[in-house]
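upload_5.txt follows; it contains compact mmCIF, C-alpha atoms and all ligand atoms.
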# COMPACT_ATOMS: atom_id res chain seq x y z
CA MET A 30 -5.25 33.18 -22.95
CA PRO A 31 -4.77 31.45 -26.33
CA THR A 32 -1.23 31.69 -27.67
CA ASN A 33 0.66 31.56 -30.96
CA ILE A 34 3.45 29.66 -29.22
CA GLU A 35 3.39 26.44 -31.19
CA TRP A 36 4.11 24.05 -28.29
CA ALA A 37 1.37 25.37 -25.96
CA ASP A 38 -2.38 26.03 -26.19
CA LEU A 39 -2.60 28.79 -23.61
CA THR A 40 -0.38 31.16 -21.67
CA ASP A 41 -1.38 31.79 -18.06
CA ASN A 42 0.40 34.82 -16.64
CA ILE A 43 -0.45 34.39 -13.00
CA ILE A 44 2.12 36.90 -11.74
CA ARG A 45 1.78 40.51 -12.83
CA ALA A 46 2.74 43.99 -11.66
CA LYS A 47 0.07 45.44 -9.41
CA GLY A 48 -0.31 48.60 -11.50
CA GLY A 49 -0.36 46.68 -14.81
CA GLY A 50 2.28 45.01 -16.95
CA TRP A 51 4.86 42.48 -15.83
CA TRP A 52 8.36 42.27 -14.43
CA CYS A 53 11.32 39.95 -14.59
CA GLN A 54 15.06 40.18 -14.04
CA LYS A 55 17.52 39.49 -16.81
CA ILE A 56 19.96 36.77 -15.90
CA SER A 57 21.91 35.62 -18.96
CA GLU A 58 22.65 36.18 -22.66
CA GLY A 59 19.35 34.60 -23.61
CA CYS A 60 17.53 37.51 -21.92
CA LYS A 61 19.24 40.23 -23.99
CA ASN A 62 16.33 40.75 -26.37
CA CYS A 63 13.61 39.63 -23.93
CA TYR A 64 10.23 39.74 -25.70
CA SER A 65 8.44 40.26 -22.39
CA GLU A 66 10.49 43.35 -21.56
CA LYS A 67 9.81 44.74 -25.04
CA LEU A 68 6.06 44.30 -24.56
CA ASN A 69 6.32 45.78 -21.09
CA GLN A 70 7.89 48.94 -22.54
CA ASN A 71 4.74 49.51 -24.55
CA SER A 72 1.70 50.89 -22.73
CA PHE A 73 -0.46 49.93 -25.74
CA PHE A 74 0.09 46.29 -24.71
CA GLY A 75 -0.54 47.10 -21.04
CA GLY A 76 3.12 47.46 -20.11
CA ASN A 77 4.36 49.56 -17.18
CA LYS A 78 7.63 50.63 -18.92
CA GLN A 79 9.88 49.36 -16.10
CA PRO A 80 13.12 47.78 -17.26
CA TYR A 81 13.80 44.16 -16.33
CA SER A 82 16.59 45.07 -13.92
CA GLY A 83 16.87 46.72 -10.51
CA GLN A 84 14.11 46.30 -7.98
CA PRO A 85 10.73 44.72 -8.81
CA PRO A 86 7.52 46.75 -8.71
CA GLU A 87 4.77 45.52 -6.41
CA LEU A 88 3.54 42.21 -7.83
CA VAL A 89 0.31 40.27 -7.49
CA LEU A 90 -0.52 36.59 -7.80
CA ASP A 91 -3.73 35.85 -9.72
CA THR A 92 -5.18 33.28 -7.34
CA GLU A 93 -8.50 33.33 -9.21
CA ALA A 94 -6.82 32.17 -12.43
CA ILE A 95 -5.17 29.35 -10.47
CA ARG A 96 -8.48 28.35 -8.88
CA LYS A 97 -10.12 28.11 -12.32
CA TRP A 98 -7.65 25.46 -13.53
CA GLY A 99 -9.47 22.87 -11.46
CA PHE A 100 -12.76 23.57 -13.26
CA GLN A 101 -11.49 23.36 -16.83
CA ARG A 102 -12.83 20.29 -18.58
CA LYS A 103 -11.09 20.27 -21.95
CA PRO A 104 -7.42 19.27 -21.60
CA LYS A 105 -5.04 22.03 -22.70
CA LYS A 106 -1.34 22.70 -22.53
CA HIS A 107 -0.77 25.74 -20.33
CA PHE A 108 2.54 27.60 -20.60
CA VAL A 109 2.52 29.16 -17.14
CA SER A 110 4.07 32.60 -16.71
CA SER A 111 5.40 33.21 -20.20
CA MET A 112 6.11 36.85 -19.24
CA THR A 113 8.31 36.28 -16.21
CA ASP A 114 10.28 33.62 -14.39
CA VAL A 115 8.05 32.10 -11.75
CA PHE A 116 11.16 30.80 -9.98
CA GLY A 117 12.80 34.22 -9.84
CA GLU A 118 14.33 34.96 -6.43
CA TRP A 119 11.84 37.82 -5.99
CA VAL A 120 8.81 35.51 -6.23
CA PRO A 121 7.58 34.37 -2.79
CA ARG A 122 7.92 30.64 -2.32
CA LEU A 123 4.34 30.58 -1.07
CA TRP A 124 3.20 31.77 -4.52
CA GLN A 125 5.18 29.01 -6.23
CA HIS A 126 3.51 26.51 -3.93
CA GLU A 127 0.03 27.96 -4.51
CA MET A 128 0.67 27.53 -8.23
CA LEU A 129 1.71 23.89 -7.75
CA ASP A 130 -1.34 23.28 -5.53
CA GLY A 131 -3.57 24.57 -8.35
CA MET A 132 -1.88 22.27 -10.86
CA PHE A 133 -2.19 19.31 -8.53
CA VAL A 134 -5.98 19.59 -8.43
CA ALA A 135 -6.26 19.95 -12.23
CA PRO A 136 -4.82 16.60 -13.39
CA LYS A 137 -6.37 16.77 -16.88
CA GLN A 138 -4.56 20.00 -17.70
CA ILE A 139 -0.89 19.99 -18.72
CA PHE A 140 1.23 22.71 -17.15
CA GLN A 141 4.54 23.69 -18.72
CA ILE A 142 6.76 25.67 -16.37
CA LEU A 143 9.96 27.12 -17.78
CA THR A 144 12.73 28.77 -15.80
CA LYS A 145 16.23 30.09 -16.18
CA ARG A 146 16.70 29.42 -12.46
CA PRO A 147 16.37 25.63 -12.16
CA GLU A 148 18.26 25.59 -8.85
CA VAL A 149 15.40 27.61 -7.32
CA MET A 150 12.84 25.40 -9.06
CA LEU A 151 14.51 22.29 -7.64
CA SER A 152 14.55 23.54 -4.09
CA SER A 153 11.01 24.95 -4.21
CA ILE A 154 9.56 21.78 -5.76
CA ASN A 155 11.37 19.55 -3.27
CA GLU A 156 9.89 21.58 -0.44
CA TRP A 157 6.40 21.36 -1.97
CA LEU A 158 6.73 17.58 -2.50
CA SER A 159 7.85 17.11 1.07
CA ASN A 160 4.95 19.25 2.38
CA HIS A 161 2.55 16.97 0.48
CA GLY A 162 4.29 13.69 1.31
CA LEU A 163 4.89 13.09 -2.42
CA GLU A 164 7.89 11.43 -4.04
CA GLU A 165 7.49 13.01 -7.46
CA LEU A 166 5.53 15.64 -9.33
CA PRO A 167 2.18 14.64 -10.82
CA SER A 168 2.70 13.78 -14.50
CA ASN A 169 0.65 16.75 -15.73
CA ILE A 170 3.33 19.15 -14.45
CA TRP A 171 6.16 19.46 -16.96
CA VAL A 172 9.28 21.29 -15.83
CA GLY A 173 11.77 22.92 -18.15
CA THR A 174 14.83 25.10 -18.27
CA SER A 175 16.11 27.44 -20.96
CA ILE A 176 19.41 26.60 -22.60
CA GLU A 177 21.14 29.03 -24.94
CA ASN A 178 24.81 27.98 -25.11
CA ARG A 179 27.17 25.37 -23.71
CA HIS A 180 27.66 27.22 -20.43
CA THR A 181 23.94 27.35 -19.59
CA LEU A 182 23.59 23.75 -20.74
CA GLU A 183 26.18 22.54 -18.24
CA GLU A 184 25.00 24.80 -15.44
CA ARG A 185 21.22 24.46 -15.69
CA SER A 186 20.72 20.89 -16.88
CA GLN A 187 22.25 19.44 -13.70
CA PHE A 188 19.57 21.06 -11.51
CA LEU A 189 16.70 20.18 -13.83
CA ALA A 190 17.88 16.56 -13.94
CA GLN A 191 17.36 16.28 -10.18
CA ILE A 192 13.68 17.25 -10.27
CA PRO A 193 11.49 14.16 -9.89
CA ALA A 194 9.13 14.72 -12.82
CA SER A 195 7.87 12.54 -15.68
CA VAL A 196 8.57 15.30 -18.20
CA ARG A 197 11.67 17.46 -17.88
CA PHE A 198 12.33 19.60 -20.93
CA TRP A 199 14.82 22.05 -22.37
CA SER A 200 13.73 25.11 -24.27
CA VAL A 201 16.78 25.69 -26.45
CA GLU A 202 15.68 29.17 -27.47
CA PRO A 203 17.30 31.43 -28.38
CA LEU A 204 19.91 29.02 -29.66
CA LEU A 205 22.98 31.29 -29.67
CA LYS A 206 25.84 28.83 -30.14
CA HIS A 207 26.51 25.33 -31.37
CA LEU A 208 25.85 23.08 -28.36
CA GLY A 209 28.05 20.22 -29.58
CA ASP A 210 27.64 16.75 -28.13
CA ILE A 211 24.60 16.64 -25.82
CA SER A 212 24.14 12.86 -25.85
CA GLN A 213 25.27 12.41 -22.24
CA TYR A 214 22.44 14.68 -21.05
CA LEU A 215 19.60 13.16 -23.03
CA ASN A 216 18.84 10.37 -20.56
CA ASP A 217 17.64 13.00 -18.11
CA VAL A 218 15.43 14.99 -20.41
CA GLN A 219 12.18 13.94 -22.06
CA TRP A 220 11.65 16.75 -24.57
CA LEU A 221 13.60 19.43 -26.43
CA ILE A 222 12.20 22.58 -27.97
CA ILE A 223 14.54 24.40 -30.36
CA GLY A 224 14.31 27.95 -31.67
CA GLY A 225 16.48 30.62 -33.18
CA GLU A 226 16.06 34.18 -32.01
CA SER A 227 13.47 36.38 -33.71
CA GLY A 228 12.92 40.13 -33.84
CA PRO A 229 14.83 43.13 -35.20
CA ASP A 230 18.06 42.63 -33.19
CA SER A 231 18.12 38.86 -33.39
CA ARG A 232 21.43 37.08 -33.17
CA PRO A 233 22.42 34.48 -35.76
CA CYS A 234 21.26 30.89 -35.68
CA HIS A 235 22.94 28.33 -37.94
CA ILE A 236 20.78 25.56 -39.31
CA GLU A 237 23.70 23.15 -38.77
CA TRP A 238 23.35 23.72 -34.99
CA VAL A 239 19.67 22.81 -35.17
CA GLU A 240 20.40 19.76 -37.36
CA SER A 241 22.95 18.51 -34.84
CA LEU A 242 20.44 18.72 -31.97
CA VAL A 243 17.66 17.06 -33.98
CA LYS A 244 19.99 14.24 -35.04
CA GLN A 245 21.09 13.56 -31.48
CA CYS A 246 17.48 13.62 -30.25
CA ASN A 247 16.44 11.21 -33.00
CA GLU A 248 19.30 8.87 -32.13
CA SER A 249 18.33 8.82 -28.47
CA LYS A 250 14.57 8.77 -29.25
CA THR A 251 14.04 12.01 -27.35
CA PRO A 252 11.01 13.89 -28.69
CA VAL A 253 12.06 17.16 -30.30
CA PHE A 254 10.07 20.19 -31.41
CA VAL A 255 11.67 22.65 -33.83
CA LYS A 256 9.67 25.78 -33.12
CA GLN A 257 11.38 28.31 -35.34
CA LEU A 258 14.63 29.07 -37.11
CA GLY A 259 14.56 32.73 -36.06
CA SER A 260 14.95 35.95 -38.04
CA ASN A 261 18.72 35.79 -38.65
CA VAL A 262 19.35 32.34 -40.08
CA TYR A 263 22.40 30.86 -41.80
CA LEU A 264 22.99 27.69 -43.76
CA ASN A 265 26.49 26.83 -44.98
CA GLN A 266 27.62 30.25 -43.70
CA GLN A 267 25.17 31.96 -46.10
CA PRO A 268 22.01 33.84 -45.05
CA PHE A 269 18.94 31.60 -45.26
CA LYS A 270 15.84 33.67 -45.95
CA THR A 271 12.34 32.62 -44.93
CA LYS A 272 9.02 34.27 -45.74
CA HIS A 273 7.85 33.80 -42.17
CA ALA A 274 9.33 36.67 -40.10
CA LYS A 275 10.34 34.34 -37.26
CA GLY A 276 11.32 31.45 -39.48
CA GLY A 277 8.46 29.56 -37.85
CA GLU A 278 6.82 27.95 -40.88
CA LEU A 279 7.59 24.24 -40.80
CA ALA A 280 7.38 23.86 -44.60
CA GLU A 281 10.24 26.38 -44.98
CA PHE A 282 12.64 24.32 -42.83
CA PRO A 283 15.12 21.96 -44.48
CA GLN A 284 13.35 18.60 -44.53
CA GLN A 285 15.54 16.86 -41.95
CA ILE A 286 14.52 19.36 -39.27
CA GLN A 287 10.80 19.51 -40.09
CA ILE A 288 9.90 17.90 -36.82
CA ARG A 289 7.47 18.85 -34.08
CA GLU A 290 7.08 16.09 -31.53
CA PHE A 291 5.66 16.10 -28.02
CA PRO A 292 6.68 13.94 -25.07
CA ASN A 293 5.04 10.59 -24.59
CA PHE A 294 2.53 11.48 -21.97
CA THR A 295 -0.35 9.91 -20.16
CA CYS A 296 -2.29 11.59 -17.36
CA ASP A 297 -2.13 9.98 -13.92
S1 LIG B 1 13.96 35.05 -17.77
FE1 LIG B 1 12.66 35.19 -19.62
S2 LIG B 1 11.10 36.72 -19.12
FE2 LIG B 1 12.78 36.93 -17.62
S3 LIG B 1 14.13 38.53 -18.47
FE3 LIG B 1 14.92 36.54 -19.14
S4 LIG B 1 13.96 36.18 -21.16
FE4 LIG B 1 12.81 37.80 -20.12

What would the structure in this file look like if it were written as structure tokens?
Ligand code: SF4
Amino acid sequence: MPTNIEWADLTDNIIRAKGGGWWCQKISEGCKNCYSEKLNQNSFFGGNKQPYSGQPPELVLDTEAIRKWGFQRKPKKHFVSSMTDVFGEWVPRLWQHEMLDGMFVAPKQIFQILTKRPEVMLSSINEWLSNHGLEELPSNIWVGTSIENRHTLEERSQFLAQIPASVRFWSVEPLLKHLGDISQYLNDVQWLIIGGESGPDSRPCHIEWVESLVKQCNESKTPVFVKQLGSNVYLNQQPFKTKHAKGGELAEFPQQIQIREFPNFTCD
């Protein structure tokens, strides 16, 4: 379905709870205010009210949605499974491979897969590549991991870096801490998305942290996309107010971080 997420055209939630709603399992600080769990608590939005912890409900894979990818003519950017982690340990590997099969036969569509479990993504993708006798992912499949602080940067980026893909990306959202020097990692990543946390309980994001990331990306010529500043923004240790509730209006950003680039990409 069409999305307001600025770096995608569509979200395709191919894994859902059988009785309605979604499910995921919280794994790190970045999940604390999970937007998907909040929606899932609300039956008005089709949620099943299960928390994102404990045991999963019965889940289904929407194989029909996957099949349709191959018939779509107009190229679009599909953020696949925005409401869960498709590389969660509870997701059957067969489902992950059915998803990749569907992407493989839709080379004009761009698929953006984001996980907080890049070690699972690496092993599942390697298995799929080996099953197909391929050396690397088709270039329309972009793989990303979420980074929220220095710890997740060091832990997750090493697994992502090993995935043979033309576009590996970081979604640095919610940015919860200053990441410091990331220059040593930028050779292995082709795109950064940056965002502060939004919503009523959002944790602070300092514009200086965003500036530092943008500067390092510019220096290394890594495309960077500043999605939003968030709802709890600081500049020079003072609150920085924006009219846009999520701090997502580009014109309200300080000029040096008004940047929304995409990876250099050509279809196979
Ligand atoms: S991985 Fe994403 S969808 Fe899953 S609980 Fe964490 S923030 Fe929510």

Q: Between atom CA of A:His207 and atom S2 of ligand LIG 1 (chain B), measure the distance and give it in Å to one decimal.
A: 22.7 Å

**Q.** Test item: residues no farther than 7 Å from ligand LIG 1 (chain B), counting only C-alpha atoms and all ligand atoms, as a list in words
**A.**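 Residues satisfying the distance criterion: Cys53, Gln54, Lys55, Ile56, Gly59, Cys60, Cys63, Tyr64, Ser65, Glu66, Tyr81, Ser111, Met112, Thr113, Asp114, Thr144 and Lys145 of chain A.
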
Work out where the centre of an axis-aligned box around every listed atom of stretch 46-50 of chain A lies and how long its edges are once 6 Å is added on each side; give both in Å to one decimal as AutoDock Vina command-line options.
--center_x 1.2 --center_y 46.3 --center_z -13.2 --size_x 15.1 --size_y 16.6 --size_z 19.5

Q: List the neighbours of A:Glu226 out to 12 Å using only C-alpha atoms; skip same-chain residues closer than 5 positions along the sequence, and give me the result as a ChimeraX atom specification.
A: /A:58-64,177,201-206,231-235,256-262,274-277

Q.
One number please: atom CA of A:Leu189 to atom CA of A:Leu242, in Å, one decimal.
A.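 Between these atoms lies a distance of 18.6 Å.
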